[in-house]
>>> print(open('work_16.txt').read())   # compact mmCIF, C-alpha atoms and all ligand atoms
# COMPACT_ATOMS: atom_id res chain seq x y z
CA MET A 1 -22.12 -0.77 10.14
CA GLU A 2 -20.05 -2.56 7.53
CA LYS A 3 -17.13 -4.45 9.02
CA LYS A 4 -13.65 -3.31 8.04
CA ASP A 5 -11.22 -5.64 6.33
CA ILE A 6 -8.68 -6.49 9.00
CA ARG A 7 -5.89 -6.10 6.44
CA SER A 8 -6.85 -2.50 5.73
CA LEU A 9 -5.92 -1.51 9.29
CA PRO A 10 -2.53 0.15 9.74
CA PRO A 11 -0.34 -2.11 11.95
CA THR A 12 -0.48 0.41 14.81
CA GLU A 13 -4.29 0.33 14.83
CA LEU A 14 -4.35 -3.44 14.72
CA HIS A 15 -1.97 -3.67 17.65
CA ALA A 16 -4.02 -1.04 19.54
CA PHE A 17 -7.15 -3.14 19.00
CA PHE A 18 -5.49 -6.14 20.61
CA LYS A 19 -4.23 -4.05 23.53
CA THR A 20 -7.67 -2.53 24.16
CA HIS A 21 -9.11 -6.02 24.37
CA GLY A 22 -6.44 -7.20 26.79
CA GLU A 23 -4.68 -9.44 24.26
CA PRO A 24 -0.88 -9.72 24.27
CA ALA A 25 1.10 -8.21 21.38
CA PHE A 26 2.25 -11.59 20.07
CA ARG A 27 -1.35 -12.46 19.23
CA ALA A 28 -1.52 -9.47 16.91
CA ARG A 29 1.62 -10.69 15.17
CA GLN A 30 0.18 -14.20 14.86
CA VAL A 31 -2.98 -12.82 13.26
CA GLU A 32 -0.94 -10.62 10.91
CA GLU A 33 0.93 -13.70 9.79
CA TRP A 34 -2.34 -15.55 9.15
CA VAL A 35 -3.87 -12.82 7.04
CA TRP A 36 -0.76 -11.86 5.05
CA LYS A 37 1.77 -14.68 4.89
CA ARG A 38 -0.77 -17.50 4.88
CA SER A 39 -3.48 -15.55 3.01
CA CYS A 40 -6.07 -16.87 5.44
CA LYS A 41 -9.59 -15.68 4.66
CA ASP A 42 -11.48 -17.21 7.60
CA PHE A 43 -10.84 -16.37 11.25
CA ASN A 44 -11.99 -19.88 12.17
CA GLU A 45 -9.02 -21.42 10.39
CA MET A 46 -6.52 -19.61 12.65
CA SER A 47 -5.71 -22.75 14.57
CA ASN A 48 -3.24 -21.26 17.06
CA ILE A 49 -5.63 -18.46 18.05
CA PRO A 50 -8.01 -19.14 20.97
CA LYS A 51 -11.65 -19.57 19.98
CA SER A 52 -12.79 -16.54 22.01
CA LEU A 53 -10.34 -14.27 20.20
CA ARG A 54 -11.36 -15.69 16.82
CA LEU A 55 -14.97 -14.80 17.66
CA LEU A 56 -14.00 -11.32 18.77
CA LEU A 57 -12.16 -10.74 15.51
CA GLU A 58 -15.05 -12.07 13.50
CA ASN A 59 -17.44 -9.71 15.27
CA HIS A 60 -15.31 -6.71 14.41
CA PHE A 61 -13.67 -7.48 11.08
CA THR A 62 -13.96 -9.24 7.79
CA ILE A 63 -11.27 -10.53 5.39
CA HIS A 64 -12.05 -9.76 1.78
CA GLY A 65 -10.67 -12.02 -0.90
CA ILE A 66 -10.39 -11.97 -4.67
CA ARG A 67 -11.66 -14.73 -6.92
CA VAL A 68 -10.34 -15.86 -10.27
CA ASP A 69 -13.49 -15.72 -12.31
CA ASN A 70 -12.14 -16.52 -15.69
CA MET A 71 -8.77 -18.06 -16.47
CA GLN A 72 -7.45 -18.23 -20.03
CA ARG A 73 -4.27 -19.94 -21.25
CA SER A 74 -2.29 -18.81 -24.26
CA VAL A 75 -0.56 -21.16 -26.67
CA ASP A 76 2.73 -19.78 -25.28
CA GLY A 77 1.80 -20.75 -21.71
CA THR A 78 0.76 -17.28 -20.54
CA ILE A 79 -2.19 -17.31 -18.17
CA LYS A 80 -4.64 -14.43 -17.96
CA ASN A 81 -6.88 -14.17 -14.91
CA GLY A 82 -10.07 -12.19 -14.79
CA VAL A 83 -10.08 -11.39 -11.11
CA LYS A 84 -13.31 -10.52 -9.32
CA LEU A 85 -12.97 -8.17 -6.37
CA HIS A 86 -15.22 -8.26 -3.31
CA ASP A 87 -17.51 -5.55 -4.73
CA GLY A 88 -17.96 -7.38 -8.02
CA ARG A 89 -15.56 -5.23 -10.06
CA VAL A 90 -13.09 -7.05 -12.27
CA VAL A 91 -9.41 -6.53 -13.10
CA GLU A 92 -6.97 -8.69 -15.00
CA SER A 93 -3.63 -10.12 -13.97
CA VAL A 94 -1.24 -12.17 -16.04
CA LEU A 95 1.29 -14.93 -15.40
CA ILE A 96 4.08 -14.81 -17.96
CA PRO A 97 6.35 -17.86 -18.11
CA THR A 98 9.74 -17.74 -19.82
CA GLU A 99 12.62 -20.15 -19.63
CA LYS A 100 14.23 -18.38 -16.70
CA ARG A 101 11.44 -16.44 -15.10
CA ILE A 102 7.86 -16.52 -14.06
CA THR A 103 6.53 -12.98 -13.98
CA ALA A 104 3.30 -11.73 -12.46
CA CYS A 105 1.85 -8.71 -14.22
CA ILE A 106 -0.61 -7.13 -11.82
CA SER A 107 -3.23 -4.38 -11.90
CA SER A 108 -3.37 -1.40 -9.57
CA GLN A 109 -6.64 0.24 -10.60
CA VAL A 110 -10.00 -0.86 -12.02
CA GLY A 111 -9.76 0.73 -15.46
CA CYS A 112 -7.44 3.67 -16.11
CA SER A 113 -7.72 7.45 -16.29
CA LEU A 114 -4.81 8.14 -18.63
CA ASP A 115 -6.17 7.67 -22.14
CA CYS A 116 -2.93 6.69 -23.91
CA HIS A 117 -4.29 6.33 -27.43
CA PHE A 118 -2.62 3.00 -28.20
CA CYS A 119 -3.72 1.19 -25.04
CA ALA A 120 -6.93 -0.82 -24.64
CA THR A 121 -7.00 -0.28 -20.88
CA GLY A 122 -6.93 3.47 -21.52
CA LYS A 123 -10.31 3.15 -23.22
CA LEU A 124 -11.91 2.01 -19.97
CA THR A 125 -13.14 4.47 -17.38
CA ARG A 126 -11.21 4.43 -14.14
CA MET A 127 -13.69 3.05 -11.62
CA ARG A 128 -11.59 2.91 -8.48
CA ASN A 129 -8.19 2.23 -6.97
CA LEU A 130 -7.36 -1.24 -5.80
CA ASN A 131 -6.44 -1.45 -2.15
CA ALA A 132 -3.17 -3.01 -1.05
CA GLU A 133 -4.81 -6.34 -0.21
CA GLU A 134 -6.29 -6.67 -3.67
CA ILE A 135 -2.92 -5.98 -5.28
CA TYR A 136 -1.18 -8.39 -2.92
CA ASP A 137 -3.77 -11.13 -3.51
CA GLN A 138 -3.12 -11.04 -7.26
CA VAL A 139 0.51 -11.90 -6.51
CA VAL A 140 -0.49 -14.72 -4.16
CA THR A 141 -2.84 -16.14 -6.80
CA ILE A 142 -0.14 -16.10 -9.47
CA GLN A 143 2.39 -17.54 -7.06
CA GLN A 144 0.04 -20.49 -6.54
CA GLN A 145 -0.53 -20.87 -10.29
CA ALA A 146 3.24 -20.83 -10.92
CA LEU A 147 3.67 -23.82 -8.64
CA GLN A 148 0.54 -25.60 -9.83
CA TYR A 149 1.06 -25.22 -13.59
CA PHE A 150 4.83 -24.82 -13.96
CA ASN A 151 6.23 -26.38 -10.83
CA ARG A 152 8.44 -23.31 -10.40
CA PRO A 153 8.18 -20.33 -8.06
CA LEU A 154 7.17 -16.85 -9.08
CA THR A 155 10.35 -14.84 -9.71
CA ASN A 156 9.29 -11.33 -10.80
CA ILE A 157 6.45 -8.90 -10.31
CA VAL A 158 5.64 -6.04 -12.64
CA TYR A 159 3.02 -3.35 -11.96
CA MET A 160 2.14 -3.30 -15.64
CA GLY A 161 -1.45 -4.46 -15.60
CA MET A 162 -4.45 -2.17 -15.57
CA GLY A 163 -4.13 1.32 -14.16
CA GLU A 164 -1.42 3.76 -13.22
CA PRO A 165 0.42 2.63 -10.08
CA LEU A 166 1.67 6.10 -9.20
CA LEU A 167 -1.91 7.43 -9.15
CA ASN A 168 -2.69 4.84 -6.46
CA TYR A 169 0.50 5.53 -4.63
CA ALA A 170 -0.22 4.66 -0.98
CA ASN A 171 -1.82 1.30 -1.78
CA VAL A 172 0.91 0.36 -4.23
CA LEU A 173 3.58 1.20 -1.67
CA LYS A 174 1.80 -0.82 1.03
CA SER A 175 1.45 -3.78 -1.35
CA ILE A 176 5.20 -3.67 -2.04
CA GLU A 177 5.85 -3.61 1.69
CA LYS A 178 3.74 -6.72 2.15
CA ILE A 179 5.17 -8.55 -0.87
CA THR A 180 8.69 -7.95 0.42
CA GLY A 181 8.06 -8.04 4.18
CA ASP A 182 8.68 -11.02 6.43
CA GLU A 183 5.05 -11.00 7.55
CA GLY A 184 4.12 -11.28 3.88
CA LEU A 185 5.80 -13.04 0.95
CA GLY A 186 9.39 -12.08 1.79
CA MET A 187 10.32 -11.51 -1.87
CA SER A 188 13.25 -9.35 -2.85
CA PRO A 189 12.26 -5.83 -4.00
CA LYS A 190 14.88 -6.20 -6.75
CA ARG A 191 12.37 -8.47 -8.44
CA ILE A 192 9.64 -5.85 -8.48
CA THR A 193 9.19 -3.23 -11.21
CA VAL A 194 6.74 -0.36 -11.01
CA SER A 195 5.85 1.00 -14.43
CA THR A 196 4.58 4.54 -14.84
CA VAL A 197 3.17 6.66 -17.62
CA GLY A 198 5.42 9.39 -16.21
CA ILE A 199 4.15 11.51 -13.34
CA ALA A 200 7.20 13.47 -12.31
CA LYS A 201 6.11 14.43 -8.81
CA MET A 202 5.22 10.87 -7.87
CA MET A 203 8.40 9.44 -9.38
CA LYS A 204 10.32 11.72 -7.02
CA LYS A 205 8.18 10.62 -4.12
CA LEU A 206 8.92 6.99 -4.93
CA ALA A 207 12.62 7.85 -4.96
CA ASP A 208 12.27 9.45 -1.52
CA ASP A 209 10.35 6.52 -0.05
CA ASN A 210 12.65 4.14 -1.90
CA PRO A 211 11.03 0.72 -1.46
CA ARG A 212 14.08 -0.61 -3.37
CA CYS A 213 12.07 -1.70 -6.38
CA ASN A 214 12.84 -0.90 -10.03
CA LEU A 215 11.20 1.86 -12.04
CA ALA A 216 10.10 1.69 -15.67
CA LEU A 217 8.83 4.65 -17.67
CA SER A 218 6.48 4.15 -20.60
CA LEU A 219 8.25 6.66 -22.79
CA HIS A 220 7.37 5.82 -26.42
CA SER A 221 8.73 9.18 -27.57
CA ALA A 222 11.37 11.53 -26.22
CA ARG A 223 9.82 14.45 -28.16
CA ASN A 224 7.06 16.40 -26.42
CA GLU A 225 5.35 17.33 -29.68
CA VAL A 226 5.02 13.65 -30.62
CA ARG A 227 4.38 12.25 -27.16
CA GLU A 228 1.60 14.77 -26.53
CA THR A 229 -0.37 13.44 -29.48
CA ILE A 230 -0.41 9.85 -28.23
CA MET A 231 -0.10 10.28 -24.42
CA PRO A 232 -2.10 13.30 -23.18
CA ILE A 233 -0.37 13.17 -19.77
CA THR A 234 2.70 14.68 -21.50
CA LYS A 235 1.03 18.11 -21.46
CA SER A 236 1.26 18.29 -17.68
CA ASN A 237 4.41 16.16 -17.42
CA PRO A 238 6.75 17.15 -20.26
CA ILE A 239 9.99 15.33 -21.00
CA GLU A 240 12.02 18.00 -19.13
CA ASP A 241 10.14 17.29 -15.90
CA LEU A 242 10.44 13.54 -16.40
CA ARG A 243 14.16 13.90 -17.04
CA GLU A 244 14.61 15.83 -13.81
CA ALA A 245 12.56 13.25 -11.89
CA MET A 246 14.61 10.38 -13.34
CA LEU A 247 17.86 12.06 -12.41
CA TYR A 248 16.49 12.50 -8.90
CA TRP A 249 15.50 8.82 -8.89
CA TYR A 250 19.00 7.79 -9.92
CA GLU A 251 20.61 10.04 -7.34
CA LYS A 252 18.46 8.61 -4.54
CA THR A 253 18.36 4.93 -5.54
CA GLY A 254 21.40 4.35 -7.75
CA LYS A 255 19.15 2.44 -10.15
CA LYS A 256 18.78 3.00 -13.87
CA VAL A 257 15.29 3.63 -15.21
CA THR A 258 13.99 1.28 -17.90
CA PHE A 259 12.27 2.96 -20.83
CA GLU A 260 9.42 1.06 -22.45
CA TYR A 261 9.21 2.02 -26.06
CA VAL A 262 6.98 0.96 -28.93
CA ILE A 263 7.92 2.07 -32.45
CA TRP A 264 5.07 2.91 -34.81
CA LYS A 265 5.06 3.71 -38.51
CA GLY A 266 4.66 7.42 -39.17
CA ILE A 267 4.62 8.32 -35.47
CA ASN A 268 8.09 7.85 -33.99
CA ASP A 269 10.10 6.18 -36.75
CA THR A 270 12.30 9.02 -38.03
CA GLU A 271 15.94 9.94 -37.44
CA LYS A 272 14.71 12.85 -35.34
CA ASP A 273 12.87 10.45 -33.02
CA ILE A 274 15.94 8.24 -32.68
CA ALA A 275 18.15 11.26 -31.98
CA ALA A 276 15.78 12.48 -29.24
CA LEU A 277 15.87 9.11 -27.49
CA VAL A 278 19.65 8.89 -27.79
CA LYS A 279 19.96 12.36 -26.28
CA LEU A 280 17.72 11.47 -23.34
CA CYS A 281 19.61 8.22 -22.73
CA LYS A 282 22.85 10.19 -22.64
CA GLN A 283 21.42 12.45 -19.98
CA VAL A 284 19.67 9.83 -17.82
CA PRO A 285 21.18 6.49 -16.73
CA SER A 286 18.76 4.14 -18.43
CA LYS A 287 18.04 0.95 -20.37
CA VAL A 288 15.58 0.56 -23.22
CA ASN A 289 13.03 -2.17 -23.77
CA ILE A 290 11.55 -2.00 -27.22
CA ILE A 291 8.13 -3.60 -26.92
CA GLU A 292 6.23 -5.16 -29.78
CA TYR A 293 3.01 -3.35 -30.54
CA ASN A 294 -0.05 -5.39 -29.73
CA THR A 295 -2.87 -4.34 -31.93
CA ILE A 296 -5.99 -2.97 -30.31
CA GLY A 297 -7.83 -2.42 -33.56
CA ASP A 298 -6.94 1.25 -34.18
CA ASP A 299 -5.53 1.73 -37.69
CA ARG A 300 -3.49 4.79 -36.70
CA PHE A 301 -1.06 2.50 -34.94
CA GLN A 302 1.01 0.06 -37.00
CA MET A 303 4.24 -1.36 -35.69
CA ALA A 304 7.32 -0.15 -37.53
CA GLY A 305 9.34 -2.61 -39.61
CA SER A 306 12.43 -4.42 -38.39
CA GLU A 307 14.75 -2.03 -40.23
CA VAL A 308 13.67 0.96 -38.16
CA ILE A 309 13.81 -1.08 -34.97
CA GLN A 310 17.37 -2.09 -35.81
CA LYS A 311 18.29 1.55 -36.42
CA TYR A 312 17.08 2.43 -32.94
CA ILE A 313 19.02 -0.46 -31.42
CA ASP A 314 22.23 0.38 -33.28
CA ALA A 315 22.01 4.03 -32.23
CA LEU A 316 21.52 3.06 -28.59
CA HIS A 317 24.27 0.45 -28.63
CA ALA A 318 26.59 3.05 -30.13
CA ILE A 319 26.30 5.04 -26.89
CA ASN A 320 26.53 1.88 -24.75
CA VAL A 321 22.91 1.80 -23.69
CA ILE A 322 21.39 -1.64 -23.20
CA ALA A 323 18.51 -1.95 -25.66
CA LYS A 324 16.50 -5.10 -26.28
CA VAL A 325 13.40 -6.05 -28.16
CA ARG A 326 10.88 -7.65 -25.84
CA GLN A 327 8.58 -10.11 -27.42
CA SER A 328 5.05 -9.87 -26.24
CA ARG A 329 3.37 -12.90 -24.80
CA GLY A 330 -0.21 -13.95 -24.61
CA SER A 331 -1.52 -11.82 -27.47
CA ASP A 332 -3.81 -14.63 -28.66
CA ILE A 333 -5.82 -14.23 -25.45
CA ASP A 334 -5.49 -10.41 -25.25
CA ALA A 335 -3.10 -10.74 -22.34
CA ALA A 336 -0.19 -8.80 -23.83
CA CYS A 337 0.93 -5.24 -22.95
CA GLY A 338 -1.85 -2.75 -23.51
CA GLN A 339 -4.52 -5.35 -24.25
CA LEU A 340 -6.03 -5.76 -20.81
CA ALA A 341 -9.58 -4.56 -21.19
CA ASN A 342 -11.86 -7.13 -19.58
CA LYS A 343 -12.91 -8.10 -23.10
CA ASN A 344 -14.31 -11.41 -22.06
CA LEU A 345 -16.81 -9.71 -19.79
CA ALA A 346 -19.87 -7.75 -20.78
CA ASN A 347 -18.68 -4.71 -18.87
CA VAL A 348 -16.40 -3.67 -16.05
CA ALA A 349 -18.89 -1.70 -14.06
CA VAL A 350 -21.28 -3.81 -12.04
N1 LIG B 1 0.12 2.90 -16.47
C1 LIG B 1 1.41 2.27 -16.33
C2 LIG B 1 1.29 0.77 -16.21
C3 LIG B 1 0.82 0.06 -17.46
S1 LIG B 1 2.15 -0.83 -18.10
C4 LIG B 1 2.29 2.67 -17.50
O1 LIG B 1 1.80 3.36 -18.38
O2 LIG B 1 3.47 2.37 -17.48
C5 LIG B 1 1.62 -1.30 -19.66
C6 LIG B 1 2.70 -1.05 -20.69
O3 LIG B 1 2.25 -1.46 -21.97
C7 LIG B 1 3.04 0.42 -20.80
O4 LIG B 1 4.40 0.54 -21.07
C8 LIG B 1 2.23 0.82 -22.01
O5 LIG B 1 2.72 2.01 -22.60
C9 LIG B 1 2.39 -0.40 -22.89
N2 LIG B 1 1.33 -0.52 -23.88
C10 LIG B 1 0.10 0.00 -23.85
N3 LIG B 1 -0.59 -0.37 -24.94
C11 LIG B 1 0.22 -1.14 -25.68
C12 LIG B 1 0.07 -1.85 -26.89
N4 LIG B 1 -1.07 -1.83 -27.55
N5 LIG B 1 1.11 -2.58 -27.33
C13 LIG B 1 2.27 -2.64 -26.64
N6 LIG B 1 2.47 -2.00 -25.48
C14 LIG B 1 1.45 -1.26 -24.99
>>> encode(input="work_16.txt", output="structure tokens", more="lines below")
Ligand code: SAH
Amino acid sequence: MEKKDIRSLPPTELHAFFKTHGEPAFRARQVEEWVWKRSCKDFNEMSNIPKSLRLLLENHFTIHGIRVDNMQRSVDGTIKNGVKLHDGRVVESVLIPTEKRITACISSQVGCSLDCHFCATGKLTRMRNLNAEEIYDQVVTIQQQALQYFNRPLTNIVYMGMGEPLLNYANVLKSIEKITGDEGLGMSPKRITVSTVGIAKMMKKLADDNPRCNLALSLHSARNEVRETIMPITKSNPIEDLREAMLYWYEKTGKKVTFEYVIWKGINDTEKDIAALVKLCKQVPSKVNIIEYNTIGDDRFQMAGSEVIQKYIDALHAINVIAKVRQSRGSDIDAACGQLANKNLANVAV
């Protein structure tokens, strides 16, 4: 029988295992600290655990790790990691350095099932969900790289890599618990942002569970008839449902939602498009991040000119909504938003 990863056990089961084997509860806590806080991958290195217990653990469990297979550095300092999982599958995670922050952009699924037409990850088949350990380990890896290459700690985490976090809900939630928990990295949830394509039901669930993180919605258009043509998920999750879910989110958490928004020529660059966004922002407490379009080689999508972008910003500022243009980083190594597609590898499936 294949051994289970000790980190995949719910805490109650782990504690029960120790009890069944006559071990005191504090030993379970010590082991938890080894595997989460210290990211230990070898039972033999658990120096404060008696040898007999280390052997017992080794006979019953394993500790899977991830391995950075391929690391690329952009001219702007961004680092992209091709991360190999224990079963050979590969995801990408990105370290984004700015003057004030070091942000980890992490993946939640191998590939993606959503098929947003402008996104390179959307062209990949969704192979599987990442488990909480694999999500957590990407953060640990980038935390180490932040210190090694920039001599500064990791400050922010965004679930904006490959996959849709709200379609891997339980594992994403557990990873947030471990990133923020004392037995894990002890980071503030205020520094974590979960980004979603917009799945109303799951946005409400996140509001109910309220892990105290931030929520971003990849909106790109506030008009169903436009959004449907570029993001098929809109058919089952129209703007009305997303609006209701965001209001619920605000009611439960008191936090504004951040809209991610790319402006393309001939797609969402008219007065009508601006008016629809302004209307939505009036209804939902929100901020807007206008993201630069990173080309993925599809001619249908061309970023709108600066004039249109300024029109959007002026209209949003006029109703006192914070709206900023976010420059993309790492595009020279295909590490920018929407470009994660394991390009440097022959294929994702192994
Ligand atoms: N599935 C989640 C997490 C991915 S986040 C979500 O959709 O939010 C990646 C962000 O980059 C999303 O806002 C996505 O809409 C945006 N994006 C995708 N392709 C892009 C591209 N080519 N240029 C700029 N942004 C892109």
>>> residues_near_ligand(input="work_16.txt", ligand="ligand LIG 1 (chain B)", cutoff="8 Å", atoms="all atoms listed in the file", output="PyMOL selection string")
chain A and resi 112+114+116+118-121+159-165+194-198+216-220+260-262+291-296+328+336-339
>>> residues_around(input="work_16.txt", residues="Ile142 (chain A)", least_positions_apart="5", cutoff="12 Å", atoms="all atoms listed in the file", output="ChimeraX atom specification")
/A:67-68,71,78-83,92-97,102-106,135-137,147-150,152-157
>>> closest_residue(input="work_16.txt", among="A:Ser52, A:Asn70, A:Thr270, A:Gln138", to="Ser39 (chain A)", atoms="all atoms listed in the file")
A:Gln138
>>> atom_distance(input="work_16.txt", atom1="CA of Leu130 (chain A)", atom2="CA of His117 (chain A)")
23.1 Å
>>> closest_residue(input="work_16.txt", among="A:Ser188, A:Asn224, A:Asn131, A:Thr253", to="Glu240 (chain A)", atoms="all atoms listed in the file")
A:Asn224
>>> closest_residue(input="work_16.txt", among="A:Asn44, A:Asn168, A:Asn268, A:Ser74", to="Thr62 (chain A)", atoms="all atoms listed in the file")
A:Asn44
>>> atom_distance(input="work_16.txt", atom1="CA of Thr12 (chain A)", atom2="CA of Lys37 (chain A)")
18.2 Å
>>> atom_distance(input="work_16.txt", atom1="CA of Leu277 (chain A)", atom2="CA of Ile230 (chain A)")
16.3 Å
>>> residues_around(input="work_16.txt", residues="region 303-319 of chain A", least_positions_apart="2", cutoff="10 Å", atoms="all atoms listed in the file", output="CSV table (one decimal) with C-alpha atoms, in the frame of the given file")
chain,number,residue,atom,x,y,z
A,262,VAL,CA,7.0,1.0,-28.9
A,263,ILE,CA,7.9,2.1,-32.4
A,264,TRP,CA,5.1,2.9,-34.8
A,265,LYS,CA,5.1,3.7,-38.5
A,266,GLY,CA,4.7,7.4,-39.2
A,267,ILE,CA,4.6,8.3,-35.5
A,268,ASN,CA,8.1,7.8,-34.0
A,269,ASP,CA,10.1,6.2,-36.8
A,270,THR,CA,12.3,9.0,-38.0
A,271,GLU,CA,15.9,9.9,-37.4
A,273,ASP,CA,12.9,10.4,-33.0
A,274,ILE,CA,15.9,8.2,-32.7
A,275,ALA,CA,18.2,11.3,-32.0
A,277,LEU,CA,15.9,9.1,-27.5
A,278,VAL,CA,19.6,8.9,-27.8
A,279,LYS,CA,20.0,12.4,-26.3
A,281,CYS,CA,19.6,8.2,-22.7
A,282,LYS,CA,22.8,10.2,-22.6
A,287,LYS,CA,18.0,1.0,-20.4
A,288,VAL,CA,15.6,0.6,-23.2
A,289,ASN,CA,13.0,-2.2,-23.8
A,290,ILE,CA,11.6,-2.0,-27.2
A,291,ILE,CA,8.1,-3.6,-26.9
A,292,GLU,CA,6.2,-5.2,-29.8
A,293,TYR,CA,3.0,-3.4,-30.5
A,294,ASN,CA,0.0,-5.4,-29.7
A,295,THR,CA,-2.9,-4.3,-31.9
A,300,ARG,CA,-3.5,4.8,-36.7
A,301,PHE,CA,-1.1,2.5,-34.9
A,321,VAL,CA,22.9,1.8,-23.7
A,322,ILE,CA,21.4,-1.6,-23.2
A,323,ALA,CA,18.5,-2.0,-25.7
A,324,LYS,CA,16.5,-5.1,-26.3
A,325,VAL,CA,13.4,-6.0,-28.2
>>> closest_residue(input="work_16.txt", among="A:Ile49, A:Leu85, A:Thr125, A:Phe259", to="Pro24 (chain A)", atoms="all atoms listed in the file")
A:Ile49
>>> axis_aligned_box(input="work_16.txt", around="region 244-260 of chain A", padding_each_side="6 Å", output="lines of an AutoDock Vina configuration file")
center_x = 15.4
center_y = 8.4
center_z = -13.5
size_x = 24.0
size_y = 26.8
size_z = 29.9
>>> closest_residue(input="work_16.txt", among="A:Phe26, A:Lys205, A:Gly186, A:Phe43", to="Leu57 (chain A)", atoms="only C-alpha atoms")
A:Phe43
>>> closest_residue(input="work_16.txt", among="A:Lys255, A:Lys272, A:Lys174, A:His86", to="Asn214 (chain A)", atoms="only C-alpha atoms")
A:Lys255
>>> residues_around(input="work_16.txt", residues="Met203 (chain A)", least_positions_apart="6", cutoff="9 Å", atoms="only C-alpha atoms", output="MDAnalysis selection string")
chainID A and resid 166 196 215 242 245:246 248:249
>>> residues_near_point(input="work_16.txt", point="(11.8, 8.8, -1.0)", cutoff="12 Å", atoms="all atoms listed in the file", output="ChimeraX atom specification")
/A:173,201-213,245,248-253
>>> build_atoms(input="work_16.txt", residues="region 161-173 of chain A", atoms="N, CA, C and O atoms", output="mmCIF file, keeping the file's coordinate frame")
data_model
loop_
_atom_site.group_PDB
_atom_site.id
_atom_site.type_symbol
_atom_site.label_atom_id
_atom_site.label_comp_id
_atom_site.auth_asym_id
_atom_site.auth_seq_id
_atom_site.Cartn_x
_atom_site.Cartn_y
_atom_site.Cartn_z
ATOM 1 N N GLY A 161 -0.098 -4.080 -15.201
ATOM 2 C CA GLY A 161 -1.450 -4.460 -15.600
ATOM 3 C C GLY A 161 -2.304 -3.219 -15.773
ATOM 4 O O GLY A 161 -1.816 -2.183 -16.210
ATOM 5 N N MET A 162 -3.558 -3.328 -15.400
ATOM 6 C CA MET A 162 -4.450 -2.170 -15.570
ATOM 7 C C MET A 162 -4.137 -1.075 -14.580
ATOM 8 O O MET A 162 -3.862 -1.336 -13.411
ATOM 9 N N GLY A 163 -4.232 0.167 -15.062
ATOM 10 C CA GLY A 163 -4.130 1.320 -14.160
ATOM 11 C C GLY A 163 -2.754 1.921 -14.081
ATOM 12 O O GLY A 163 -1.789 1.400 -14.647
ATOM 13 N N GLU A 164 -2.687 3.051 -13.384
ATOM 14 C CA GLU A 164 -1.420 3.760 -13.220
ATOM 15 C C GLU A 164 -1.007 3.654 -11.749
ATOM 16 O O GLU A 164 -1.615 4.291 -10.874
ATOM 17 N N PRO A 165 0.034 2.859 -11.481
ATOM 18 C CA PRO A 165 0.420 2.630 -10.080
ATOM 19 C C PRO A 165 0.708 3.908 -9.303
ATOM 20 O O PRO A 165 0.366 4.003 -8.131
ATOM 21 N N LEU A 166 1.297 4.900 -9.956
ATOM 22 C CA LEU A 166 1.670 6.100 -9.200
ATOM 23 C C LEU A 166 0.474 7.023 -8.943
ATOM 24 O O LEU A 166 0.596 8.010 -8.224
ATOM 25 N N LEU A 167 -0.686 6.697 -9.516
ATOM 26 C CA LEU A 167 -1.910 7.430 -9.150
ATOM 27 C C LEU A 167 -2.688 6.655 -8.083
ATOM 28 O O LEU A 167 -3.808 7.019 -7.728
ATOM 29 N N ASN A 168 -2.121 5.580 -7.606
ATOM 30 C CA ASN A 168 -2.690 4.840 -6.460
ATOM 31 C C ASN A 168 -1.523 4.553 -5.516
ATOM 32 O O ASN A 168 -1.258 3.427 -5.125
ATOM 33 N N TYR A 169 -0.834 5.634 -5.221
ATOM 34 C CA TYR A 169 0.500 5.530 -4.630
ATOM 35 C C TYR A 169 0.530 4.783 -3.279
ATOM 36 O O TYR A 169 1.310 3.840 -3.113
ATOM 37 N N ALA A 170 -0.307 5.224 -2.343
ATOM 38 C CA ALA A 170 -0.220 4.660 -0.980
ATOM 39 C C ALA A 170 -0.483 3.151 -0.994
ATOM 40 O O ALA A 170 0.223 2.381 -0.337
ATOM 41 N N ASN A 171 -1.486 2.734 -1.764
ATOM 42 C CA ASN A 171 -1.820 1.300 -1.780
ATOM 43 C C ASN A 171 -0.740 0.487 -2.485
ATOM 44 O O ASN A 171 -0.444 -0.641 -2.093
ATOM 45 N N VAL A 172 -0.163 1.068 -3.531
ATOM 46 C CA VAL A 172 0.910 0.360 -4.230
ATOM 47 C C VAL A 172 2.117 0.201 -3.301
ATOM 48 O O VAL A 172 2.697 -0.877 -3.189
ATOM 49 N N LEU A 173 2.437 1.270 -2.589
ATOM 50 C CA LEU A 173 3.580 1.200 -1.670
ATOM 51 C C LEU A 173 3.335 0.145 -0.577
ATOM 52 O O LEU A 173 4.208 -0.657 -0.264
#
